[in-house]
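Colleague: Dropping in query15.txt, which is compact mmCIF, C-alpha atoms and all ligand atoms:
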```txt
# COMPACT_ATOMS: atom_id res chain seq x y z
CA MET A 1 0.00 0.00 0.00
CA ALA A 2 2.87 2.31 0.80
CA ASN A 3 4.30 1.50 -2.60
CA ARG A 4 1.05 2.26 -4.32
CA ALA A 5 0.84 5.52 -2.44
CA ASN A 6 4.30 6.40 -3.61
CA HIS A 7 3.39 5.62 -7.14
CA LEU A 8 0.41 7.91 -6.90
CA VAL A 9 2.52 10.67 -5.46
CA LEU A 10 5.04 10.19 -8.19
CA LEU A 11 2.42 10.20 -10.90
CA GLY A 12 0.78 13.19 -9.30
CA CYS A 13 4.01 15.07 -9.47
CA GLY A 14 4.23 14.25 -13.14
CA LEU A 15 7.92 13.70 -13.61
CA LEU A 16 9.18 10.46 -12.19
CA CYS A 17 12.72 11.56 -11.60
CA ALA A 18 11.92 15.06 -10.47
CA ALA A 19 9.24 13.70 -8.23
CA ALA A 20 11.65 11.30 -6.64
CA LEU A 21 13.63 14.32 -5.58
CA LEU A 22 10.65 16.28 -4.38
CA CYS A 23 8.63 13.58 -2.75
CA VAL A 24 11.21 12.01 -0.56
CA ARG A 25 9.62 10.73 2.53
CA THR A 26 11.16 10.97 5.91
CA ILE A 27 9.38 9.99 8.99
CA ALA A 28 10.60 10.45 12.47
CA ALA A 29 11.87 7.49 14.31
CA GLU A 30 14.13 6.51 17.09
CA GLY A 31 17.33 4.82 16.25
CA ALA A 32 21.04 4.75 16.49
CA ALA A 33 24.02 4.69 14.23
CA PRO A 34 23.91 1.92 11.68
CA GLY A 35 26.46 -0.79 12.21
CA PRO A 36 29.19 -1.72 9.79
CA ALA A 37 27.47 -4.97 8.83
CA VAL A 38 25.01 -3.13 6.63
CA SER A 39 27.47 -0.73 5.08
CA GLY A 40 28.47 -0.88 1.49
CA ALA A 41 25.21 -2.35 0.36
CA THR A 42 24.78 -3.52 -3.17
CA LEU A 43 21.28 -3.18 -4.43
CA GLN A 44 19.75 -6.10 -6.24
CA SER A 45 16.82 -4.46 -7.91
CA PRO A 46 14.27 -6.76 -9.50
CA ALA A 47 13.12 -3.93 -11.77
CA PRO A 48 14.54 -3.61 -15.28
CA THR A 49 17.47 -1.27 -15.01
CA ALA A 50 18.11 -0.57 -18.69
CA ASN A 51 16.74 2.97 -18.71
CA PHE A 52 18.12 4.19 -15.43
CA PRO A 53 21.32 6.19 -15.14
CA VAL A 54 24.29 3.96 -14.35
CA ALA A 55 26.73 4.62 -11.53
CA SER A 56 29.97 2.87 -12.37
CA GLY A 57 32.35 4.04 -9.67
CA ALA A 58 32.44 5.77 -6.29
CA ARG A 59 35.36 7.04 -4.27
CA LEU A 60 36.32 9.16 -1.31
CA ALA A 61 39.27 11.49 -1.09
CA GLY A 62 40.63 13.92 1.49
CA ASP A 63 41.08 13.91 5.25
CA ALA A 64 39.27 14.48 8.53
CA LYS A 65 38.90 18.23 7.81
CA GLN A 66 37.68 18.02 4.23
CA THR A 67 36.42 14.93 2.46
CA ARG A 68 35.25 14.64 -1.12
CA PHE A 69 32.89 12.03 -2.55
CA ILE A 70 32.77 11.36 -6.28
CA LEU A 71 30.25 9.19 -8.09
CA ASP A 72 30.91 8.33 -11.75
CA LEU A 73 27.78 8.34 -13.89
CA ASP A 74 26.82 7.78 -17.51
CA ARG A 75 24.76 10.99 -17.63
CA THR A 76 24.08 14.01 -15.47
CA ILE A 77 21.35 13.71 -12.85
CA GLN A 78 19.46 15.95 -10.46
CA PHE A 79 20.07 15.50 -6.77
CA ARG A 80 19.28 16.90 -3.38
CA ALA A 81 21.64 16.63 -0.44
CA PHE A 82 20.87 17.36 3.19
CA PRO A 83 22.30 16.60 6.62
CA LEU A 84 20.54 14.66 9.37
CA ALA A 85 21.43 14.61 13.04
CA ASP A 86 21.77 11.95 15.70
CA PRO A 87 23.44 10.01 14.22
CA TYR A 88 25.30 12.46 11.99
CA ARG A 89 24.45 11.62 8.40
CA VAL A 90 24.24 13.21 4.99
CA VAL A 91 21.53 12.00 2.65
CA VAL A 92 21.61 12.43 -1.11
CA ASP A 93 18.40 11.78 -2.96
CA ILE A 94 18.73 11.01 -6.65
CA PRO A 95 16.57 9.46 -9.34
CA GLN A 96 16.59 5.66 -9.49
CA ILE A 97 20.11 4.60 -10.34
CA ASN A 98 21.49 1.35 -11.65
CA PHE A 99 24.40 0.98 -9.23
CA GLN A 100 27.18 -1.04 -10.82
CA LEU A 101 29.70 -0.58 -8.05
CA ALA A 102 32.26 -3.09 -6.84
CA ALA A 103 31.16 -5.28 -3.93
CA GLY A 104 32.03 -3.67 -0.62
CA THR A 105 31.93 -0.13 -2.00
CA GLY A 106 31.10 2.20 0.88
CA SER A 107 32.00 -0.18 3.69
CA ALA A 108 35.36 1.49 4.25
CA GLY A 109 35.26 5.17 5.06
CA ARG A 110 37.74 7.99 4.77
CA GLY A 111 38.09 11.34 6.48
CA LEU A 112 34.71 12.59 7.64
CA VAL A 113 32.84 9.65 6.14
CA LYS A 114 32.62 6.52 8.29
CA ALA A 115 30.80 4.53 5.61
CA PHE A 116 28.11 4.97 3.01
CA ARG A 117 25.23 2.95 1.61
CA TYR A 118 23.17 3.27 -1.51
CA GLY A 119 20.03 1.76 -2.93
CA LEU A 120 16.36 2.23 -3.68
CA VAL A 121 14.18 4.13 -1.26
CA MET A 122 11.10 4.16 -3.46
CA PRO A 123 10.17 3.27 -7.02
CA GLY A 124 11.96 5.85 -9.13
CA GLY A 125 14.14 7.11 -6.32
CA SER A 126 17.54 6.05 -5.04
CA ARG A 127 19.44 7.38 -2.07
CA ILE A 128 22.98 7.53 -0.80
CA VAL A 129 23.40 7.75 2.96
CA PHE A 130 26.73 8.81 4.43
CA ASP A 131 27.49 8.00 8.06
CA LEU A 132 29.72 10.80 9.30
CA THR A 133 32.43 10.50 11.92
CA GLY A 134 31.18 13.75 13.46
CA PRO A 135 29.38 16.98 12.58
CA ALA A 136 30.18 18.13 9.05
CA LYS A 137 28.59 20.43 6.52
CA ILE A 138 28.09 19.99 2.83
CA ALA A 139 30.52 22.69 1.73
CA ASN A 140 29.84 22.09 -1.93
CA SER A 141 27.80 19.75 -4.09
CA TYR A 142 27.43 19.67 -7.84
CA VAL A 143 27.13 17.52 -10.95
CA LEU A 144 29.82 17.81 -13.61
CA GLU A 145 29.27 17.19 -17.30
CA ALA A 146 31.61 14.74 -19.01
CA ALA A 147 34.91 16.49 -19.74
CA ASN A 148 38.55 15.67 -20.41
CA GLY A 149 37.91 11.96 -20.71
CA GLN A 150 36.07 11.92 -17.37
CA PRO A 151 32.46 10.72 -17.21
CA PRO A 152 29.66 12.85 -15.72
CA ARG A 153 30.15 12.97 -11.95
CA LEU A 154 28.25 13.77 -8.80
CA VAL A 155 30.57 15.49 -6.33
CA LEU A 156 30.02 16.26 -2.66
CA GLU A 157 32.48 18.08 -0.44
CA PHE A 158 32.16 17.65 3.31
CA GLU A 159 33.80 20.03 5.73
CA GLU A 160 34.26 19.58 9.45
CA VAL A 161 32.14 21.89 11.63
CA ASP A 162 31.26 21.93 15.32
CA ARG A 163 27.98 20.62 16.69
CA THR A 164 26.47 24.11 16.93
CA ALA A 165 27.18 24.90 13.29
CA PHE A 166 25.85 21.51 12.29
CA VAL A 167 22.59 21.98 14.17
CA GLN A 168 22.24 25.42 12.60
CA SER A 169 22.52 23.80 9.19
CA LEU A 170 19.40 21.84 10.11
CA THR A 171 17.18 24.93 10.27
CA PRO A 172 13.76 24.36 8.72
CA GLU A 173 14.77 26.25 5.55
CA ASN A 174 17.59 23.82 5.03
CA ARG A 175 15.50 20.79 5.73
CA PRO A 176 13.95 18.96 2.85
CA GLU A 177 10.24 19.56 2.57
CA LEU A 178 9.17 16.11 3.45
CA ARG A 179 6.00 16.68 5.37
CA PRO A 180 3.88 17.63 2.37
CA ALA A 181 5.06 14.53 0.56
CA ILE A 182 3.95 12.39 3.48
CA ALA A 183 0.62 14.19 3.57
CA ASP A 184 0.26 13.51 -0.16
CA ALA A 185 1.10 9.87 0.34
CA ASN A 186 -1.46 9.58 3.10
CA ALA A 187 -4.02 11.38 0.98
CA ALA A 188 -3.30 8.97 -1.85
CA VAL A 189 -3.84 6.03 0.48
CA ALA A 190 -7.02 7.66 1.77
CA SER A 191 -8.35 8.24 -1.72
CA VAL A 192 -7.61 4.66 -2.68
CA GLU A 193 -9.39 3.51 0.46
CA ALA A 194 -12.26 5.89 -0.15
CA ALA A 195 -12.71 4.55 -3.66
CA LYS A 196 -13.11 1.01 -2.35
CA PRO A 197 -16.50 1.09 -0.64
CA ALA A 198 -18.10 1.78 -4.03
CA GLN A 199 -17.56 -1.92 -4.53
CA ALA A 200 -18.95 -4.50 -2.14
CA PRO A 201 -17.35 -3.96 1.27
CA ASP A 202 -14.95 -6.72 2.18
CA SER A 203 -15.52 -7.74 5.78
CA ARG A 204 -12.85 -10.41 5.87
CA PRO A 205 -10.14 -9.76 8.49
CA LEU A 206 -7.13 -7.87 7.16
CA ILE A 207 -3.71 -9.42 7.77
CA VAL A 208 -0.67 -7.22 7.16
CA LEU A 209 2.55 -9.06 6.37
CA ASP A 210 5.70 -7.03 6.84
CA PRO A 211 8.91 -8.36 5.29
CA GLY A 212 11.64 -6.43 7.12
CA HIS A 213 14.20 -4.07 5.60
CA GLY A 214 14.39 -3.54 1.81
CA GLY A 215 16.10 -1.26 -0.68
CA ILE A 216 19.01 0.59 0.88
CA ASP A 217 18.59 -1.42 4.11
CA ASN A 218 19.81 -4.98 3.58
CA GLY A 219 19.23 -6.23 7.11
CA THR A 220 21.51 -9.03 8.27
CA GLN A 221 23.63 -10.91 5.78
CA ALA A 222 25.82 -13.97 5.58
CA ALA A 223 27.24 -16.17 2.83
CA GLY A 224 25.91 -13.81 0.17
CA GLU A 225 22.34 -14.07 1.44
CA MET A 226 20.60 -10.89 2.55
CA GLU A 227 17.84 -10.81 5.13
CA LYS A 228 15.78 -8.38 3.02
CA ASN A 229 15.56 -10.92 0.17
CA LEU A 230 14.98 -13.98 2.36
CA VAL A 231 12.12 -12.39 4.27
CA LEU A 232 10.51 -10.95 1.14
CA GLY A 233 10.45 -14.39 -0.46
CA PHE A 234 8.98 -15.85 2.72
CA GLY A 235 6.40 -13.07 3.02
CA LEU A 236 5.21 -13.47 -0.55
CA ALA A 237 4.89 -17.24 -0.11
CA LEU A 238 2.94 -16.73 3.13
CA ARG A 239 0.67 -14.19 1.43
CA ASP A 240 -0.11 -16.62 -1.39
CA ARG A 241 -0.83 -19.36 1.09
CA ILE A 242 -3.15 -17.26 3.25
CA GLU A 243 -4.97 -15.72 0.29
CA LYS A 244 -5.68 -19.13 -1.16
CA SER A 245 -8.05 -19.90 1.72
CA GLY A 246 -10.20 -16.93 0.69
CA LYS A 247 -10.87 -16.17 4.35
CA TYR A 248 -8.63 -13.14 4.74
CA ARG A 249 -7.51 -10.02 2.99
CA VAL A 250 -3.73 -9.71 2.93
CA VAL A 251 -1.68 -6.56 2.45
CA MET A 252 2.10 -6.52 2.25
CA THR A 253 4.09 -3.52 3.49
CA ARG A 254 6.40 -4.19 0.55
CA THR A 255 6.31 -6.58 -2.40
CA ASP A 256 9.65 -5.59 -3.90
CA ASP A 257 13.10 -4.41 -2.93
CA THR A 258 12.03 -1.00 -1.62
CA PHE A 259 12.94 0.72 1.62
CA ILE A 260 9.90 1.35 3.84
CA PRO A 261 10.33 3.43 7.02
CA LEU A 262 9.19 1.71 10.22
CA ASN A 263 6.39 4.19 10.88
CA ASP A 264 4.97 3.59 7.40
CA ARG A 265 4.80 -0.12 8.10
CA VAL A 266 2.80 0.53 11.24
CA LYS A 267 0.59 2.97 9.32
CA VAL A 268 -0.32 0.33 6.78
CA ALA A 269 -1.69 -1.79 9.62
CA ARG A 270 -3.42 1.07 11.42
CA ASN A 271 -4.94 2.74 8.35
CA GLY A 272 -6.34 -0.58 7.19
CA SER A 273 -7.63 -1.47 10.70
CA ALA A 274 -5.70 -4.71 10.39
CA ALA A 275 -6.70 -7.65 12.57
CA LEU A 276 -3.15 -8.97 12.66
CA PHE A 277 0.32 -7.65 11.81
CA VAL A 278 3.20 -10.05 11.26
CA SER A 279 6.68 -8.67 10.74
CA ILE A 280 9.13 -11.16 9.23
CA HIS A 281 12.87 -11.06 9.87
CA ALA A 282 15.98 -13.22 10.08
CA ASP A 283 18.47 -12.51 12.83
CA ALA A 284 22.24 -12.81 13.00
CA LEU A 285 24.62 -12.96 15.93
CA PRO A 286 27.91 -11.10 15.78
CA ARG A 287 30.64 -13.72 15.58
CA ARG A 288 32.09 -12.84 19.00
CA GLU A 289 28.74 -13.58 20.62
CA GLY A 290 28.81 -17.24 19.68
CA ASP A 291 26.24 -19.24 17.82
CA ALA A 292 22.48 -19.27 18.21
CA GLN A 293 19.85 -21.04 16.20
CA GLY A 294 16.15 -21.40 15.65
CA ALA A 295 13.11 -19.21 15.23
CA THR A 296 11.97 -16.68 17.83
CA ILE A 297 8.64 -14.88 18.13
CA TYR A 298 8.66 -11.40 19.62
CA THR A 299 5.90 -9.22 21.02
CA LEU A 300 6.11 -5.60 22.12
CA SER A 301 7.08 -4.60 25.62
CA ASP A 302 8.65 -1.50 27.08
CA LYS A 303 11.15 -3.67 28.91
CA ALA A 304 13.05 -6.34 27.00
CA SER A 305 12.61 -9.90 28.21
CA ASP A 306 16.37 -10.47 28.11
CA ALA A 307 19.60 -8.92 26.85
CA GLU A 308 19.43 -10.67 23.50
CA ALA A 309 15.91 -9.39 22.85
CA GLU A 310 17.08 -5.89 23.74
CA ARG A 311 20.02 -6.11 21.36
CA LEU A 312 17.79 -7.35 18.58
CA ALA A 313 15.17 -4.63 19.01
CA GLU A 314 17.95 -2.05 18.95
CA THR A 315 19.30 -3.52 15.71
CA GLU A 316 15.91 -3.75 14.04
CA ASN A 317 15.02 -0.23 15.14
CA LYS A 318 18.11 1.08 13.33
CA SER A 319 16.43 0.51 10.00
CA ASP A 320 15.31 4.12 9.69
CA ALA A 321 18.78 5.47 10.43
CA ILE A 322 20.19 3.16 7.77
CA GLY A 323 17.65 4.38 5.25
CA GLY A 324 18.41 8.04 5.95
CA VAL A 325 15.19 8.84 7.74
CA ASN A 326 15.13 11.96 9.89
CA LEU A 327 15.03 10.67 13.45
CA THR A 328 14.69 13.98 15.24
CA ASP A 329 11.16 15.07 14.38
CA GLU A 330 8.69 12.95 16.30
CA PRO A 331 10.41 11.88 19.49
CA THR A 332 7.25 11.85 21.58
CA GLU A 333 5.49 9.10 19.72
CA VAL A 334 7.29 6.28 21.47
CA ALA A 335 6.14 7.50 24.86
CA ASP A 336 2.59 7.67 23.54
CA ILE A 337 2.87 4.12 22.37
CA LEU A 338 3.90 2.88 25.73
CA ILE A 339 0.92 4.62 27.24
CA ASP A 340 -1.23 3.08 24.57
CA LEU A 341 0.18 -0.26 25.53
CA ALA A 342 -2.20 0.00 28.45
CA GLN A 343 -4.69 -1.09 25.88
CA ARG A 344 -4.58 -4.55 27.25
CA GLU A 345 -6.69 -6.18 24.62
CA THR A 346 -4.17 -5.69 21.84
CA LYS A 347 -1.44 -7.02 24.07
CA THR A 348 -3.50 -10.04 25.03
CA PHE A 349 -4.23 -10.87 21.40
CA SER A 350 -0.60 -10.34 20.40
CA ASN A 351 0.55 -12.73 23.12
CA ARG A 352 -2.13 -15.24 22.26
CA PHE A 353 -1.11 -15.24 18.61
CA ALA A 354 2.58 -15.52 19.55
CA ARG A 355 1.85 -18.65 21.64
CA LEU A 356 -0.30 -20.18 18.91
CA LEU A 357 2.39 -19.45 16.36
CA MET A 358 5.05 -21.07 18.50
CA GLY A 359 2.88 -24.16 18.95
CA GLU A 360 2.42 -24.54 15.21
CA MET A 361 5.90 -23.53 14.11
CA LYS A 362 7.66 -25.97 16.41
CA THR A 363 6.07 -28.85 14.50
CA THR A 364 7.94 -27.84 11.34
CA ALA A 365 10.74 -25.42 12.19
CA ARG A 366 13.65 -25.46 14.58
CA MET A 367 12.85 -23.04 17.41
CA HIS A 368 15.20 -20.99 19.58
CA LYS A 369 15.71 -22.39 23.07
CA HIS A 370 13.65 -19.43 24.38
CA PRO A 371 11.24 -18.97 21.48
CA LEU A 372 8.91 -16.37 23.03
CA LYS A 373 10.39 -12.99 23.88
CA SER A 374 9.47 -9.33 24.03
CA ALA A 375 11.21 -5.99 23.50
CA GLY A 376 10.61 -2.46 22.28
CA PHE A 377 10.32 -3.03 18.55
CA ARG A 378 9.10 0.14 16.83
CA VAL A 379 7.35 -1.84 14.14
CA LEU A 380 5.12 -3.56 16.72
CA LYS A 381 3.77 -0.39 18.24
CA ALA A 382 0.33 -0.09 16.62
CA PRO A 383 -1.78 0.21 19.77
CA ASP A 384 -4.88 -1.24 18.13
CA VAL A 385 -3.41 -4.03 15.98
CA PRO A 386 -2.23 -7.35 17.46
CA SER A 387 1.36 -7.54 16.25
CA VAL A 388 4.22 -10.02 16.37
CA LEU A 389 7.70 -10.05 14.90
CA VAL A 390 9.04 -13.41 13.79
CA GLU A 391 12.75 -14.03 13.47
CA LEU A 392 12.72 -17.06 11.20
CA GLY A 393 16.22 -18.08 12.23
CA TYR A 394 19.81 -16.90 12.26
CA VAL A 395 21.54 -16.23 8.96
CA SER A 396 24.75 -16.45 11.02
CA ASN A 397 24.00 -20.13 11.79
CA LYS A 398 24.85 -22.58 9.04
CA GLY A 399 21.93 -24.92 9.67
CA ASP A 400 19.42 -22.07 9.93
CA LEU A 401 20.70 -20.47 6.74
CA GLU A 402 20.29 -23.77 4.92
CA HIS A 403 16.67 -23.77 6.05
CA LEU A 404 16.11 -20.15 5.15
CA VAL A 405 17.14 -20.68 1.53
CA SER A 406 15.33 -24.02 1.22
CA GLU A 407 12.06 -24.05 -0.71
CA ASN A 408 10.97 -27.15 1.17
CA TRP A 409 11.56 -25.59 4.61
CA ARG A 410 9.80 -22.44 3.52
CA THR A 411 6.72 -24.29 2.30
CA LYS A 412 6.45 -26.23 5.57
CA THR A 413 7.00 -23.17 7.75
CA VAL A 414 4.59 -21.05 5.72
CA GLY A 415 2.07 -23.86 6.23
CA SER A 416 2.50 -23.84 10.01
CA MET A 417 2.17 -20.06 10.15
CA ALA A 418 -0.99 -20.18 8.03
CA GLN A 419 -2.33 -22.82 10.41
CA ALA A 420 -1.63 -20.59 13.44
CA ILE A 421 -3.43 -17.72 11.72
CA ASP A 422 -6.44 -19.95 11.09
CA VAL A 423 -6.62 -21.06 14.71
CA PHE A 424 -6.17 -17.48 15.93
CA PHE A 425 -9.07 -16.16 13.86
CA ALA A 426 -11.30 -19.15 14.50
CA LYS A 427 -10.98 -18.41 18.23
CA ARG A 428 -11.47 -14.67 17.76
CA LEU A 429 -14.57 -15.12 15.68
CA ALA A 430 -15.97 -17.63 18.16
CA THR A 431 -15.33 -15.16 21.01
CA ALA A 432 -16.92 -12.32 19.04
CA GLY A 433 -19.93 -14.52 18.26
CA ALA A 434 -20.38 -15.51 21.89
CA ALA A 435 -20.28 -11.87 22.96
CA LYS A 436 -23.30 -10.96 20.84
ZN ZN B 501 15.51 -7.70 10.54
```
Here is a file; write its structure as structure tokens.
Modeller:
Amino acid sequence: MANRANHLVLLGCGLLCAAALLCVRTIAAEGAAPGPAVSGATLQSPAPTANFPVASGARLAGDAKQTRFILDLDRTIQFRAFPLADPYRVVVDIPQINFQLAAGTGSAGRGLVKAFRYGLVMPGGSRIVFDLTGPAKIANSYVLEAANGQPPRLVLEFEEVDRTAFVQSLTPENRPELRPAIADANAAVASVEAAKPAQAPDSRPLIVLDPGHGGIDNGTQAAGEMEKNLVLGFGLALRDRIEKSGKYRVVMTRTDDTFIPLNDRVKVARNGSAALFVSIHADALPRREGDAQGATIYTLSDKASDAEAERLAETENKSDAIGGVNLTDEPTEVADILIDLAQRETKTFSNRFARLLMGEMKTTARMHKHPLKSAGFRVLKAPDVPSVLVELGYVSNKGDLEHLVSENWRTKTVGSMAQAIDVFFAKRLATAGAAK
């Protein structure tokens, strides 16, 4: 739905590329600095890339006072660059680019740049996110035409500044005008929704499936497998399975390799008055923290059930920082959510579904030794939608990874999840019927 909304915004703006620059969405979120594991992302876009500008090389030059970034292109492009605080980042929004950069590009920094990532943030729009070592300003930014045997280039020059100067560079005038774009996107969703009741109203329960990460945010990765691809494949298979029964409506937060901010994922569930929200992920343990295996099912709590759950929620909540989302705008929302958590019913249903899911999944999938946990996952915060986050397994564990890429394992696990959903709704409907 978010994708469709973006499309509408883009179409509404007329020019796909220009619109990508104008209609960049940022939504406030909490988060922290992205870790090195997700740096230097290579985008694997399923869309045909023939017509998009090609980026063939990227490099950093300079030192800790002044650092220059150069991107080699096959034609000139429009761009928009802006800084974001906490963590210090610079975001460059560009039209959709076919990145043909060497593997690992961006993972090693230089000077003021700790690392950078690149990839899709929406259909028609790519983004480069620089993690800075400290406060820095964009001293200069421009696109050069091809000249003297050099291809067209995008150039950014970063210059060290102090925190005060950095914060001043974030004045509203300097900030990208993102709010109207979000309003447009919401209006587009609303108009799509409003158009629906003209047809027969569909009273079947709505299930929102949320494959984690996407686009510029790869999630965890190991042995060449990226979490964003594994969980998308799983989500699509689960959607097909659930839809086949005809009993439910299913909406995906993403159906392709696009970055979706965490708040937007929650909005899809809330705007559609979803009866269930299932976020799908695959975890990884840093090598120094040993090996762990099996699937884990998480529900929301303001206090993590253990240290591992806390670490995981922190990692998953970094998604917005990785995607270059402005994290400073809506800091109060989290507090509101925790107040809303007092809405016991949602919590009860979330926990009930988590237990059902564990009961079904353990018949087909290897489960973690403590398979039910809770922590402060931002994506689970819809106060009125029962929500769980499933970590299908650890991409850092050899056995789990073999499962995660196995069609056979996926079919069986999708089957057990569909079964849990059936039992959950059968009970809910029975309860609702008895109440009448
Ligand atoms: Zn994840």
Colleague: Determine the nearest neighbour of ligand ZN 501 (chain B) from the options A:Thr346, A:Thr133, A:Ser273, A:Asn317, counting only C-alpha atoms and all ligand atoms.
Modeller: A:Asn317
Colleague: Dig up all the protein and nucleic acid residues within 10 Å of (12.7, -4.8, 20.5) in the file frame, using only C-alpha atoms, and format them as an MDAnalysis selection string.
Modeller: chainID A and resid 298:305 308:317 373:380 389
Colleague: Which residues are close to Met361 of chain A, i.e. within 8 Å by only C-alpha atoms, leaving aside same-chain residues fewer than 6 positions away? Reply as a ChimeraX atom specification.
Modeller: /A:367,413,416-417
Colleague: To one decimal place, how far is atom CA of Arg59 of chain A from atom CA of Pro87 of chain A in Å?
Modeller: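 Answer for the atom CA of Arg59 of chain A to atom CA of Pro87 of chain A separation: 22.2 Å.
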Colleague: Taking all atoms listed in the file and a cut-off of 6 Å, can you tell me which residues surround ligand ZN 501 (chain B), written as number ranges by chain?
Modeller: A: 212, 219, 281-282, 316
Colleague: As an exercise, work out the distance from atom CA of Ile128 of chain A to atom CA of Phe116 of chain A in Å and give it to one decimal place.
Modeller: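 Going from atom CA of Ile128 of chain A over to atom CA of Phe116 of chain A covers 6.9 Å.
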Colleague: Which residue gives the smallest distance to Gln168 of chain A among A:Pro83, A:Gly272, A:Pro383, A:Gly111, with all atoms listed in the file counted?
Modeller: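 That would be A:Pro83, the residue with the smallest distance to Gln168 of chain A.
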Colleague: Find the residues around Val395 of chain A up to 7 Å (only C-alpha atoms counted), leave out those fewer than 3 positions away in its own chain, and share them as a list in words.
Modeller: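 Contacts, with the query itself left out: Gln221, Ala222, Ala282, Asp283, Ala284, Asp400 and Leu401 of chain A.
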Colleague: Which residues are near Gly215 of chain A? Cut-off 7 Å, only C-alpha atoms, ignore same chain within fewer than 3 positions. Put them as a list in words.
Modeller: Leu43, Gly119, Leu120, Val121, Asn218, Asp257, Thr258 and Phe259 of chain A
Colleague: Fewer than 6 positions away in the same chain doesn't count, so skip those; otherwise give me all residues within 12 Å of Val91 of chain A, counting all atoms listed in the file, as number ranges by chain.
Modeller: A: 21, 24-26, 79-85, 116-119, 121, 126-132, 137-138, 156, 175-176, 216, 321-326
Colleague: Skip Val268 of chain A itself and residues of its chain fewer than 3 positions away, then list as a ChimeraX atom specification all residues within 9 Å of it, counting only C-alpha atoms.
Modeller: /A:1-2,208,251-253,263-265,271-274
Colleague: Nearest to Asn140 of chain A: which of A:Ala115, A:Gln66, A:Leu71, A:Leu236 is it, counting all atoms listed in the file?
Modeller: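 Nearest to Asn140 of chain A: A:Gln66.
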Colleague: For segment 349-362 of chain A, which lacks atoms in the input, supply N, CA and C atoms and format the output as a PDB file, in the coordinates of the input.
Modeller:
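To be explicit, this is the file written out as part.pdb:
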```pdb
ATOM      1  N   PHE A 349      -4.127 -10.181  22.691  1.00  0.00           N
ATOM      2  CA  PHE A 349      -4.230 -10.870  21.400  1.00  0.00           C
ATOM      3  C   PHE A 349      -2.852 -11.117  20.788  1.00  0.00           C
ATOM      4  N   SER A 350      -1.956 -10.153  20.930  1.00  0.00           N
ATOM      5  CA  SER A 350      -0.600 -10.340  20.400  1.00  0.00           C
ATOM      6  C   SER A 350       0.054 -11.550  21.064  1.00  0.00           C
ATOM      7  N   ASN A 351      -0.059 -11.614  22.380  1.00  0.00           N
ATOM      8  CA  ASN A 351       0.550 -12.730  23.120  1.00  0.00           C
ATOM      9  C   ASN A 351      -0.110 -14.059  22.764  1.00  0.00           C
ATOM     10  N   ARG A 352      -1.425 -14.009  22.612  1.00  0.00           N
ATOM     11  CA  ARG A 352      -2.130 -15.240  22.260  1.00  0.00           C
ATOM     12  C   ARG A 352      -1.660 -15.750  20.898  1.00  0.00           C
ATOM     13  N   PHE A 353      -1.557 -14.813  19.935  1.00  0.00           N
ATOM     14  CA  PHE A 353      -1.110 -15.240  18.610  1.00  0.00           C
ATOM     15  C   PHE A 353       0.333 -15.758  18.673  1.00  0.00           C
ATOM     16  N   ALA A 354       1.184 -15.084  19.444  1.00  0.00           N
ATOM     17  CA  ALA A 354       2.580 -15.520  19.550  1.00  0.00           C
ATOM     18  C   ALA A 354       2.657 -16.958  20.072  1.00  0.00           C
ATOM     19  N   ARG A 355       1.827 -17.284  21.077  1.00  0.00           N
ATOM     20  CA  ARG A 355       1.850 -18.650  21.640  1.00  0.00           C
ATOM     21  C   ARG A 355       1.317 -19.665  20.621  1.00  0.00           C
ATOM     22  N   LEU A 356       0.232 -19.290  19.946  1.00  0.00           N
ATOM     23  CA  LEU A 356      -0.300 -20.180  18.910  1.00  0.00           C
ATOM     24  C   LEU A 356       0.751 -20.438  17.827  1.00  0.00           C
ATOM     25  N   LEU A 357       1.404 -19.348  17.430  1.00  0.00           N
ATOM     26  CA  LEU A 357       2.390 -19.450  16.360  1.00  0.00           C
ATOM     27  C   LEU A 357       3.542 -20.356  16.780  1.00  0.00           C
ATOM     28  N   MET A 358       3.969 -20.214  18.026  1.00  0.00           N
ATOM     29  CA  MET A 358       5.050 -21.070  18.500  1.00  0.00           C
ATOM     30  C   MET A 358       4.612 -22.535  18.472  1.00  0.00           C
ATOM     31  N   GLY A 359       3.389 -22.786  18.930  1.00  0.00           N
ATOM     32  CA  GLY A 359       2.880 -24.160  18.950  1.00  0.00           C
ATOM     33  C   GLY A 359       2.857 -24.783  17.578  1.00  0.00           C
ATOM     34  N   GLU A 360       2.473 -24.000  16.575  1.00  0.00           N
ATOM     35  CA  GLU A 360       2.420 -24.540  15.210  1.00  0.00           C
ATOM     36  C   GLU A 360       3.802 -24.628  14.585  1.00  0.00           C
ATOM     37  N   MET A 361       4.598 -23.563  14.786  1.00  0.00           N
ATOM     38  CA  MET A 361       5.900 -23.530  14.110  1.00  0.00           C
ATOM     39  C   MET A 361       6.826 -24.646  14.606  1.00  0.00           C
ATOM     40  N   LYS A 362       6.706 -24.989  15.886  1.00  0.00           N
ATOM     41  CA  LYS A 362       7.660 -25.970  16.410  1.00  0.00           C
ATOM     42  C   LYS A 362       7.428 -27.361  15.805  1.00  0.00           C
TER      43      LYS A 362
END
```
